[in-house]
Amino acid sequence: MLTSHPVPAITGSLAAPGDKSCSHRALILGGLASGTSEITGLLMGDDVRRTGDVMRALGAQVIQTRDGVWRVTGVGEAGLSSPEGPLDFGNSGTGSRLLMGVMAGHAITAKIIGDASLSSRPMARITKPLSQMGARFETSAGDTLPLTLHGTDTLQPISYTPPHASAQVKSAILLAGLRAHGTSSVSEARMTRDHSERMLAGFGAKLDITRKDGVRTVSITGGQSLSAQEIRVPGDPSSAAFLIAASLISPGGDVLIENVMSNETRDGFFRVAELMGASLGAEPRDEAAGERLIDLQASSAPLKGVAVPEHMVPAMIDEFPILAVLAAFATGETRISGAAELRVKESDRISATVNMLRVNGVKAEETEDGFVVEGCAGNVPGGGHVTTHQDHRIAMSALVMGTAAQTPVSIDDASMIDTSYPAFANHMRSLGARFE
Ligand code: S3P
């Protein structure tokens with residue numbers, strides 16, 4: 001349990017922690033490449049550590065040096081080897097799904113397990129296309145973990161249009177496609193985060209990207225080898241979103257977050273915050289891992305409710321719990337639709353988010369594919385005890401809400417925050433939050 005007490009101001013500056021999506025991909029591609037990659041700025045979250053452990057279990061060498069650099073010596077042409085025991089992905093949907101794509105193209109057998117939250121999440125979205133390519137799976141009832149994967153080195157290419165907007169599905173197929181005999185392609189009408197495409201290109205893979213009638217298609221031909229790289233992981237916009245939100249709702253808020261990745265497939269939250277009345281400063285920095293970096297500044301602002309345009313949903317898919325906090329402090333109604341994917345995140349995020357608001361005196365209603373919040377015009381009662389359902393983003397959102405509510409907000413369990421942002425409580429305290 002942890003309680004966030006109201007404070008007069010959230011102020012200061014700090015650097016965003018390494019991006020979770022890019023950290024997974026850096027370890028995975030480094031582990032597949034020939035040679036030794038050096039990764040700096042890697043997120044030290046539990047999800048990412050598990051991806052490192054799994055790459056090790058599959059034959060890559062993954063070492064953390066004393067100065068925080070990760071050295072990954074890839075398996076290269078030799079390919080992956082079967083792990084000795086089950087691969088435990090903990091809470092990580094990204095690690096498990098991307099690595100299923102990787103393992104599908106190697107003649108190995110692996111048992112994949114995870115925690116209670118991950119074991120309740122749908123895996124058919126991954127096993128279905130990979131089965132069509134030639135991998136075999138023994139899954140638990142309802143296509144969930146634990147499952148056993150039998151990969152093959154005679155994987156067939158596929159042309160696939162995922163039924164859900166999902167970067168994990170797209171990435172799993174591209175990673176499998178790297179080993180398939182021919183050209184595989186993934187088409188999406190709503191573009192999802194493109195870090196796999198960018199980082200695969202950075203490791204020397206050739207991809208073909210086309211756009212026709214609003215559909216983006218990425219193609220990759222199998223049999224390409226990757227070569228080791230030096231990678232600096234950009235700051236995580238999804239983690240920065242919590243700090244920016246805390247500043248916007250704080251009576252005396254003013255924060256500067258350095259080195260945030262600026263990528264149009266990830267910046268939906270910041271664009272919607274601006275639609276709500278926030279004025280954000282963005283100062284360009286250099287580039288890292290094929291991504292642009294900015295310093296992001298936000299101060300206290302009166303916010304108004306909005307209807308979030310559905311086309312922006314994929315670019316802010318992880319930010320709806322914290323957007324709900326902005327909506328609670330805003331004047332008027334905020335409406336989210338076209339976001340049914342939230343039901344199968346680390347928790348059912350539609351239901352968990354609405355409950356987080358309601359126990360703190362905010363009027364909110366679930367819909368099938370979103371939710372509606374009636375804003376409290378700056379006066380959120382608070383005083384609630386929030387059930388986090390093993391969901392790190394519900395935990396962080398509730399704690400941010402407590403910094404500016406009328407009375408403290410507590411959560412049942414803060415431990416899951418370590419999966420994506422272990423420094424969260426320290427960072428928030430350094431900006432003036434009171435967590436006890
Ligand atoms: C991620 C993709 C998204 C996102 C997750 C990270 C990734 O999941 O929610 O936190 O790194 O590819 P979906 O692909 O299920 O939308």
# chains A, B, ... in the order shown; residues from 1 in each chain; ligands from 1
call {"tool": "residues_near_ligand", "arguments": {"ligand": "ligand 1", "cutoff": "10 Å", "atoms": "only C-alpha atoms and all ligand atoms", "output": "count of residues only"}}
result
46
call {"tool": "residues_around", "arguments": {"residues": "A:Thr210", "least_positions_apart": "5", "cutoff": "10 Å", "atoms": "only C-alpha atoms", "output": "mmCIF file with N, CA and C atoms, in the first residue's frame"}}
result
data_model
loop_
_atom_site.group_PDB
_atom_site.id
_atom_site.type_symbol
_atom_site.label_atom_id
_atom_site.label_comp_id
_atom_site.auth_asym_id
_atom_site.auth_seq_id
_atom_site.Cartn_x
_atom_site.Cartn_y
_atom_site.Cartn_z
ATOM 1 N N SER A 187 0.164 -5.293 -42.723
ATOM 2 C CA SER A 187 -0.535 -4.069 -43.125
ATOM 3 C C SER A 187 -1.370 -3.561 -41.969
ATOM 4 N N VAL A 215 -3.490 2.649 -45.898
ATOM 5 C CA VAL A 215 -2.965 1.442 -45.241
ATOM 6 C C VAL A 215 -1.443 1.435 -45.372
ATOM 7 N N ARG A 216 -0.780 1.217 -44.265
ATOM 8 C CA ARG A 216 0.683 1.175 -44.257
ATOM 9 C C ARG A 216 1.118 -0.288 -44.243
ATOM 10 N N THR A 217 1.992 -0.668 -45.159
ATOM 11 C CA THR A 217 2.453 -2.051 -45.225
ATOM 12 C C THR A 217 3.965 -2.105 -45.064
ATOM 13 N N VAL A 218 4.406 -2.923 -44.122
ATOM 14 C CA VAL A 218 5.842 -3.120 -43.897
ATOM 15 C C VAL A 218 6.190 -4.523 -44.356
ATOM 16 N N SER A 219 7.217 -4.650 -45.210
ATOM 17 C CA SER A 219 7.625 -5.969 -45.699
ATOM 18 C C SER A 219 9.069 -6.233 -45.330
#
call {"tool": "closest_residue", "arguments": {"among": "A:Arg71, A:His150, A:Arg179, A:Arg49", "to": "A:Ile231", "atoms": "only C-alpha atoms"}}
result
A:Arg71
call {"tool": "select_by_dssp", "arguments": {"residues": "stretch 360-431 of chain A", "states": "strand (DSSP E or B)", "output": "ChimeraX atom specification"}}
result
/A:363-367,370-374,382,385-386,407,409-411
call {"tool": "closest_residue", "arguments": {"among": "A:Lys128, A:Arg434, A:His389, A:Arg198", "to": "A:Asp348", "atoms": "only C-alpha atoms"}}
result
A:His389
call {"tool": "residues_around", "arguments": {"residues": "A:Ala16", "least_positions_apart": "5", "cutoff": "9 Å", "atoms": "only C-alpha atoms", "output": "list in words"}}
result
Pro234, Gly235, Asp236, Pro237, Ser239, Ala240, Ile257, Glu258, Asn259 and Val260 of chain A
call {"tool": "residues_around", "arguments": {"residues": "stretch 373-375 of chain A", "least_positions_apart": "6", "cutoff": "6 Å", "atoms": "only C-alpha atoms", "output": "MDAnalysis selection string"}}
result
chainID A and resid 327:334 363:364
call {"tool": "residues_around", "arguments": {"residues": "A:Ser250", "least_positions_apart": "4", "cutoff": "8 Å", "atoms": "only C-alpha atoms", "output": "PyMOL selection string"}}
result
chain A and resi 7-10+246+300+403-404
